[in-house]
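Engineer: One structure coming up, written as structure tokens, with questions to follow.
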Amino acid sequence: MGVTLADILSARRVIRGAADATPLVPSAFMSRVAGQEFLLKLETAQPIGAFKLRGAMNAVLTRPDATRGVVCCSTGNHGRGVAHAARLRGLRAVICMSHLVPKAKVEGIRALGAEVRLHGASQDEAMAESARLCAAEGLVEISPFDDPAVIAGQGTIGLEMLEQRPDLAAILVPLSGGGLAAGIAVAAKAVNPRLRVIGITMERGAAMAASIAAGHPVEVAEHVSLADSLGGGIGLANRLTFPICRALLDDIVLVSEEDIRHAMQVLYFEDRMVAEGAAVVGLAAVLSGRLTGFAGPVATVITGRNLDMATFTRLICGQDVALGDQILKGRAYAA
Ligand SMILES: *Cc1c(COP(=O)(O)O)cnc(C)c1O
């Protein structure tokens, strides 16, 4: 499969103390909606505000050849993770991003001491720039998802969740490039093969879902989304996350921008938490009725909280929000 439980156990030893041990807490409101106990894995509590530190730490710390530094492309959180991990190891870090990435995320990465290169209008173009710098400047490239060390690092979340709650029947995983879903699925299925692992992503630009439907990696058009951290393709030369997600995910569910907005409001008003659009798609799938009939306790990973607070405040208050050249009509929260 390319990544095993043993890889995930060793990743856990590597990253211990720097990127682990987040709480898994129940949501009373979501438990009523789901008809089963519903739990939130709070990766928002990581030092960089997102789970990506796990995979980045494991990759940066297990690459002895990275003496001249590391480079990656990122919609933001992987860049933060790599920047933070490189700084801990005293390495140069260059982060390539597309111009679609929100300014708050760009500034967040600069603040971690990394160099930022803004390149192109899509994640794929930023990826090409990262590959160029890797060759030209002798930097080691850390893929945001298609790297065994990154997948193993993200997989430590699955191990932790099953230790915290061995009785989980399903885990709902925000899905983009699939490093998170692949890692969690490898860990969870190794511990309990009957546990369902379901990938959730946004309707517009669902690259992994389209690729699995086509039987091979395909490119999809990118759109501005409230779930900006889920943007980008899976790479036409995908080696690991495509086969793992195809083999191990029980289902993939797509949610709309309205579903995501409502889920962000629910998490804020009912559970008093701030999270990115990408982080709440598991809630959105259940709230919209697209996912029902759980056989036991269900958990979702609240993957990150690195968002633009001005936009978030407008959205929470029910005001209109711009999504590229479109407007998402505001709607005041009502349970
Ligand atoms: C990267 C990211 C995801 C998706 O992870 P993949 O491994 O690319 O599938 C989900 N949520 C947040 C906040 C992220 O930064």
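Going by the structure tokens order, chains are called A, B, ..., each with residues numbered from 1, while ligands are numbered from 1 in the order shown.
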Looking only at helix (DSSP H, G or I) from DSSP on the backbone, list the matching residues of segment 25-67 of chain A as a list in words.
Structural biologist: Ala28, Phe29, Met30, Ser31, Arg32, Val33, Ala34, Glu43, Thr44, Ala45, Leu53, Arg54, Gly55, Ala56, Met57, Asn58, Ala59, Val60 and Leu61 of chain A
Engineer: Run DSSP on the backbone and tell me which residues of segment 56-280 of chain A come out as strand (DSSP E); list them as a ChimeraX atom specification.
Structural biologist: /A:70-73,93-97,115-118,140-141,170-174,196-202,251-255
Engineer: Compile a residue-level contact table for chain A against ligand 1 at a cut-off of 9 Å, reporting for every qualifying residue the shortest atom pair and its distance in Å to one decimal, with only C-alpha atoms and all ligand atoms counted, rows ordered by chain and ascending number, as a Markdown table.
Structural biologist:
| residue | atom | partner | partner_atom_place_in_ligand_line | distance |
| --- | --- | --- | --- | --- |
| A:Glu43 | CA | ligand 1 | 13 (C) | 8.8 |
| A:Thr44 | CA | ligand 1 | 13 (C) | 8.5 |
| A:Gly49 | CA | ligand 1 | 13 (C) | 8.6 |
| A:Ala50 | CA | ligand 1 | 13 (C) | 5.9 |
| A:Phe51 | CA | ligand 1 | 15 (O) | 7.1 |
| A:Lys52 | CA | ligand 1 | 15 (O) | 6.3 |
| A:Ser74 | CA | ligand 1 | 1 (C) | 8.3 |
| A:Thr75 | CA | ligand 1 | 15 (O) | 7.3 |
| A:Gly76 | CA | ligand 1 | 15 (O) | 6.8 |
| A:Asn77 | CA | ligand 1 | 15 (O) | 4.6 |
| A:His78 | CA | ligand 1 | 15 (O) | 6.4 |
| A:Pro144 | CA | ligand 1 | 8 (O) | 6.6 |
| A:Phe145 | CA | ligand 1 | 7 (O) | 5.1 |
| A:Asp146 | CA | ligand 1 | 7 (O) | 8.5 |
| A:Val150 | CA | ligand 1 | 7 (O) | 8.6 |
| A:Ile151 | CA | ligand 1 | 7 (O) | 7.6 |
| A:Gln154 | CA | ligand 1 | 7 (O) | 7.7 |
| A:Val173 | CA | ligand 1 | 10 (C) | 7.9 |
| A:Pro174 | CA | ligand 1 | 10 (C) | 5.0 |
| A:Leu175 | CA | ligand 1 | 9 (O) | 4.0 |
| A:Ser176 | CA | ligand 1 | 9 (O) | 3.5 |
| A:Gly177 | CA | ligand 1 | 8 (O) | 3.6 |
| A:Gly178 | CA | ligand 1 | 9 (O) | 3.4 |
| A:Gly179 | CA | ligand 1 | 7 (O) | 3.4 |
| A:Leu180 | CA | ligand 1 | 7 (O) | 3.9 |
| A:Ala181 | CA | ligand 1 | 9 (O) | 5.9 |
| A:Ala182 | CA | ligand 1 | 7 (O) | 7.7 |
| A:Gly183 | CA | ligand 1 | 7 (O) | 8.5 |
| A:Gly199 | CA | ligand 1 | 9 (O) | 8.6 |
| A:Thr201 | CA | ligand 1 | 4 (C) | 8.7 |
| A:Met208 | CA | ligand 1 | 9 (O) | 8.7 |
| A:Ala227 | CA | ligand 1 | 11 (N) | 7.8 |
| A:Asp228 | CA | ligand 1 | 13 (C) | 8.3 |
| A:Ser229 | CA | ligand 1 | 14 (C) | 4.7 |
| A:Leu230 | CA | ligand 1 | 4 (C) | 5.4 |
| A:Gly231 | CA | ligand 1 | 8 (O) | 8.3 |
| A:Gly232 | CA | ligand 1 | 8 (O) | 8.4 |
| A:Ile234 | CA | ligand 1 | 8 (O) | 8.2 |
| A:Thr241 | CA | ligand 1 | 7 (O) | 8.5 |
| A:Ala275 | CA | ligand 1 | 13 (C) | 8.3 |
| A:Glu276 | CA | ligand 1 | 13 (C) | 6.3 |
| A:Gly277 | CA | ligand 1 | 13 (C) | 7.8 |
| A:Ala278 | CA | ligand 1 | 11 (N) | 4.7 |
| A:Ala279 | CA | ligand 1 | 11 (N) | 5.1 |
| A:Val280 | CA | ligand 1 | 11 (N) | 8.5 |
| A:Val281 | CA | ligand 1 | 11 (N) | 8.9 |
| A:Val301 | CA | ligand 1 | 11 (N) | 8.4 |
| A:Ile302 | CA | ligand 1 | 13 (C) | 7.6 |
| A:Thr303 | CA | ligand 1 | 13 (C) | 4.4 |
| A:Gly304 | CA | ligand 1 | 13 (C) | 4.0 |
| A:Arg305 | CA | ligand 1 | 13 (C) | 6.9 |
| A:Asn306 | CA | ligand 1 | 13 (C) | 7.4 |
Engineer: Neighbours of segment 159-169 of chain A within 12 Å (only C-alpha atoms; same-chain residues fewer than 5 positions away dropped), as a PyMOL selection string?
Structural biologist: chain A and resi 5-12+16+19-26+36-43+152-154+183-198+293-301
Engineer: Find the nearest atom pair between each residue of segment 211-301 of chain A and segment 121-132 of chain A for residues within 10 Å, count only C-alpha atoms, give distances in Å to one decimal, sort rows by chain and ascending number, and present the table as JSON lines.
Structural biologist:
{"residue": "A:Glu219", "atom": "CA", "partner": "A:Asp124", "partner_atom": "CA", "distance": 9.3}
{"residue": "A:Ala221", "atom": "CA", "partner": "A:Ser122", "partner_atom": "CA", "distance": 9.1}
{"residue": "A:Glu222", "atom": "CA", "partner": "A:Ser122", "partner_atom": "CA", "distance": 7.1}
{"residue": "A:His223", "atom": "CA", "partner": "A:Ser122", "partner_atom": "CA", "distance": 9.4}
{"residue": "A:Gly231", "atom": "CA", "partner": "A:Gln123", "partner_atom": "CA", "distance": 7.5}
{"residue": "A:Gly232", "atom": "CA", "partner": "A:Gln123", "partner_atom": "CA", "distance": 5.1}
{"residue": "A:Gly233", "atom": "CA", "partner": "A:Asp124", "partner_atom": "CA", "distance": 6.9}
{"residue": "A:Ile234", "atom": "CA", "partner": "A:Asp124", "partner_atom": "CA", "distance": 9.1}
{"residue": "A:Gly235", "atom": "CA", "partner": "A:Asp124", "partner_atom": "CA", "distance": 7.6}
{"residue": "A:Leu236", "atom": "CA", "partner": "A:Asp124", "partner_atom": "CA", "distance": 9.8}
Engineer: For a quick check of understanding, using only C-alpha atoms, which of A:Tyr333, A:Leu118, A:Cys317, A:Leu172 has the smallest distance to Thr292 of chain A?
Structural biologist: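 Nearest to Thr292 of chain A: A:Leu172.
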Engineer: For Arg63 of chain A, which residue out of A:Ser98, A:Asp147, A:Leu226, A:Arg290 is the nearest one, using only C-alpha atoms?
Structural biologist: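 For Arg63 of chain A, the nearest of the given residues is A:Asp147.
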